[in-house]
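Undergrad: My structure is stored as final.tsv, with TSV, C-alpha atoms.
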chain	number	residue	atom	x	y	z
A	1283	MET	CA	89.77	-15.20	12.69
A	1284	SER	CA	87.64	-17.27	10.33
A	1285	ILE	CA	84.87	-19.76	11.00
A	1286	LEU	CA	87.36	-22.54	10.21
A	1287	ASP	CA	89.76	-21.18	12.83
A	1288	ASP	CA	86.92	-21.04	15.34
A	1289	LEU	CA	85.87	-24.58	14.50
A	1290	ALA	CA	89.45	-25.88	14.75
A	1291	THR	CA	89.78	-24.23	18.17
A	1292	THR	CA	86.54	-25.85	19.35
A	1293	ILE	CA	87.63	-29.26	18.06
A	1294	GLU	CA	90.98	-28.92	19.82
A	1295	ALA	CA	89.17	-28.11	23.07
A	1296	ARG	CA	86.99	-31.20	22.67
A	1297	LYS	CA	90.05	-33.48	22.80
A	1298	THR	CA	89.78	-33.43	26.59
A	1299	ALA	CA	85.99	-33.32	26.83
A	1300	ASP	CA	83.81	-36.15	28.07
A	1301	PRO	CA	82.80	-38.30	25.06
A	1302	ASP	CA	79.28	-38.50	26.51
A	1303	SER	CA	78.95	-34.71	26.27
A	1304	SER	CA	80.27	-34.05	22.76
A	1305	TRP	CA	80.05	-35.71	19.36
A	1306	THR	CA	83.51	-34.39	18.54
A	1307	ALA	CA	84.97	-35.79	21.77
A	1308	ARG	CA	83.29	-39.12	21.06
A	1309	LEU	CA	84.75	-39.25	17.57
A	1310	LEU	CA	88.24	-38.26	18.77
A	1311	ALA	CA	88.07	-40.88	21.53
A	1312	LYS	CA	87.67	-43.56	18.85
A	1313	GLY	CA	91.11	-42.70	17.53
A	1314	PRO	CA	92.68	-41.25	14.40
A	1315	GLU	CA	91.80	-44.21	12.22
A	1316	LYS	CA	88.06	-43.82	12.93
A	1317	CYS	CA	88.35	-40.06	12.35
A	1318	ALA	CA	89.97	-40.76	8.97
A	1319	GLU	CA	87.29	-43.30	8.10
A	1320	LYS	CA	84.53	-40.81	8.94
A	1321	PHE	CA	86.24	-38.15	6.82
A	1322	GLY	CA	86.30	-40.60	3.90
A	1323	GLU	CA	82.61	-41.39	4.31
A	1324	GLU	CA	81.72	-37.70	4.27
A	1325	ALA	CA	83.91	-37.09	1.22
A	1326	ILE	CA	82.08	-39.84	-0.65
A	1327	GLU	CA	78.73	-38.33	0.31
A	1328	ALA	CA	79.91	-34.96	-1.04
A	1329	ILE	CA	80.98	-36.61	-4.28
A	1330	ILE	CA	77.55	-38.20	-4.66
A	1331	GLU	CA	75.82	-34.83	-4.19
A	1332	ALA	CA	78.18	-33.22	-6.71
A	1333	VAL	CA	77.46	-35.91	-9.29
A	1334	LYS	CA	73.71	-35.58	-8.69
A	1335	GLY	CA	73.98	-31.81	-9.16
A	1336	ASP	CA	72.25	-31.17	-5.85
A	1337	ARG	CA	73.60	-27.76	-4.85
A	1338	ALA	CA	72.01	-27.72	-1.39
A	1339	GLY	CA	73.06	-31.29	-0.73
A	1340	LEU	CA	76.61	-30.56	-1.83
A	1341	THR	CA	76.74	-27.45	0.36
A	1342	SER	CA	75.66	-29.47	3.38
A	1343	GLU	CA	78.02	-32.34	2.67
A	1344	ALA	CA	80.91	-29.95	2.01
A	1345	ALA	CA	80.38	-28.49	5.49
A	1346	ASP	CA	80.51	-32.05	6.88
A	1347	VAL	CA	83.73	-32.71	4.93
A	1348	LEU	CA	85.40	-29.59	6.31
A	1349	TYR	CA	84.35	-30.44	9.87
A	1350	HIS	CA	85.56	-34.04	9.60
A	1351	LEU	CA	88.82	-32.92	7.95
A	1352	LEU	CA	89.49	-30.69	10.96
A	1353	VAL	CA	88.66	-33.56	13.33
A	1354	MET	CA	91.01	-35.87	11.44
A	1355	LEU	CA	93.78	-33.26	11.54
A	1356	ALA	CA	93.25	-32.76	15.28
A	1357	ALA	CA	93.39	-36.51	15.86
A	1358	ARG	CA	96.89	-36.49	14.37
A	1359	ASP	CA	97.93	-33.17	15.98
A	1360	VAL	CA	98.12	-31.30	12.69
A	1361	ALA	CA	97.14	-27.67	13.16
A	1362	LEU	CA	94.89	-25.90	10.68
A	1363	ALA	CA	97.51	-23.13	10.67
A	1364	ASP	CA	100.05	-25.60	9.30
A	1365	VAL	CA	97.72	-26.57	6.46
A	1366	LEU	CA	97.00	-22.91	5.70
A	1367	ASP	CA	100.75	-22.19	5.72
A	1368	GLU	CA	101.25	-24.97	3.19
A	1369	LEU	CA	98.52	-23.51	0.98
A	1370	ALA	CA	100.15	-20.07	1.26
A	1371	ARG	CA	103.49	-21.59	0.27
A	1372	ARG	CA	101.87	-23.05	-2.84
A	1373	GLN	CA	100.00	-19.86	-3.75
A	1374	GLY	CA	101.07	-18.43	-7.07
A	1375	THR	CA	102.53	-21.73	-8.25
A	1376	SER	CA	100.69	-23.60	-10.95
A	1377	GLY	CA	99.31	-26.96	-9.91
A	1378	ILE	CA	101.34	-28.65	-12.62
A	1379	ALA	CA	104.59	-27.04	-11.44
A	1380	GLU	CA	103.79	-27.77	-7.79
A	1381	LYS	CA	103.14	-31.45	-8.47
A	1382	ALA	CA	106.36	-31.69	-10.51
A	1383	GLN	CA	108.30	-30.34	-7.52
A	1384	ARG	CA	106.98	-33.18	-5.30
A	1385	THR	CA	108.55	-35.96	-7.38
What's the structure tokens form of this structure?

TA:
Amino acid sequence: MSILDDLATTIEARKTADPDSSWTARLLAKGPEKCAEKFGEEAIEAIIEAVKGDRAGLTSEAADVLYHLLVMLAARDVALADVLDELARRQGTSGIAEKAQRT
């Protein structure tokens, strides 16, 4: 099991936690739209750090992006395993070929 699996499991458990006891529970209680908004904010912060060339800043923001992605997925009942399965399905296919198959 990876750290992402562990984190996804913790986030899933927080769905029923008291929002006063957990940041994750508080975020999930605000609904999927707020979770998506927060993910977007974190993604923008990661982009800023990447453009600045701040390696430590980007590392920190990338961790925030991964966490908020998992929260957003949980808010819409999408399992990390499903996302990983989709990545596995795409493995070995060029990005250009994969995108062509979508249209």

Undergrad: Of the candidates A:Ala1363, A:Gln1383, A:Thr1306, A:Lys1312, which one gets nearest to His1350 in chain A if we count all atoms listed in the file?

TA: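 For His1350 in chain A, the nearest of the given residues is A:Thr1306.
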
Undergrad: Need the shell around Asp1287 in chain A: protein/DNA/RNA residues with any atom at most 12 Å away, counting only C-alpha atoms. Skip same-chain ones fewer than 4 positions apart. Format as a VMD selection string?

TA: chain A and resid 1283 1291 to 1294 1348 to 1349 1352 1361 to 1366

Undergrad: Env of Ala1325 in chain A: 9 Å cut, atoms = only C-alpha atoms, seq-sep filter 2 positions within chain, self excluded. Answer as JSON, numbers by chain.

TA: {"A": [1320, 1321, 1322, 1323, 1327, 1328, 1329, 1330, 1343, 1344, 1346, 1347]}

Undergrad: Give the answer as one residue: which of A:Ala1356, A:Ala1318, A:Ile1378, A:Leu1369 has the shortest atom-to-atom distance to Arg1296 in chain A, using all atoms listed in the file?

TA: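 Among the listed residues, the smallest separation from Arg1296 in chain A belongs to A:Ala1356.
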
Undergrad: Taking (99.1, -38.0, 18.5) in the coordinates of the supplied file, I want to know which residues reach to within 12 Å of it, counting all atoms listed in the file; could you give the answer as JSON, numbers by chain?

TA: {"A": [1297, 1310, 1311, 1313, 1314, 1315, 1354, 1355, 1356, 1357, 1358, 1359, 1360, 1361]}

Undergrad: Could you state the separation of CA of Glu1319 in chain A and CA of Asp1336 in chain A in Å, given to one decimal place?

TA: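 Result for CA of Glu1319 in chain A versus CA of Asp1336 in chain A: 23.8 Å, one decimal.
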
Undergrad: How far is it from CA of Leu1286 in chain A to CA of Cys1317 in chain A, in Å with one decimal?

TA: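 CA of Leu1286 in chain A sits 17.7 Å away from CA of Cys1317 in chain A.
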
Undergrad: Quick one: pull the distance between CA of Lys1381 in chain A and CA of Glu1331 in chain A, Å, one decimal.

TA: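 Rounded to one decimal, the two atoms are 27.9 Å apart.
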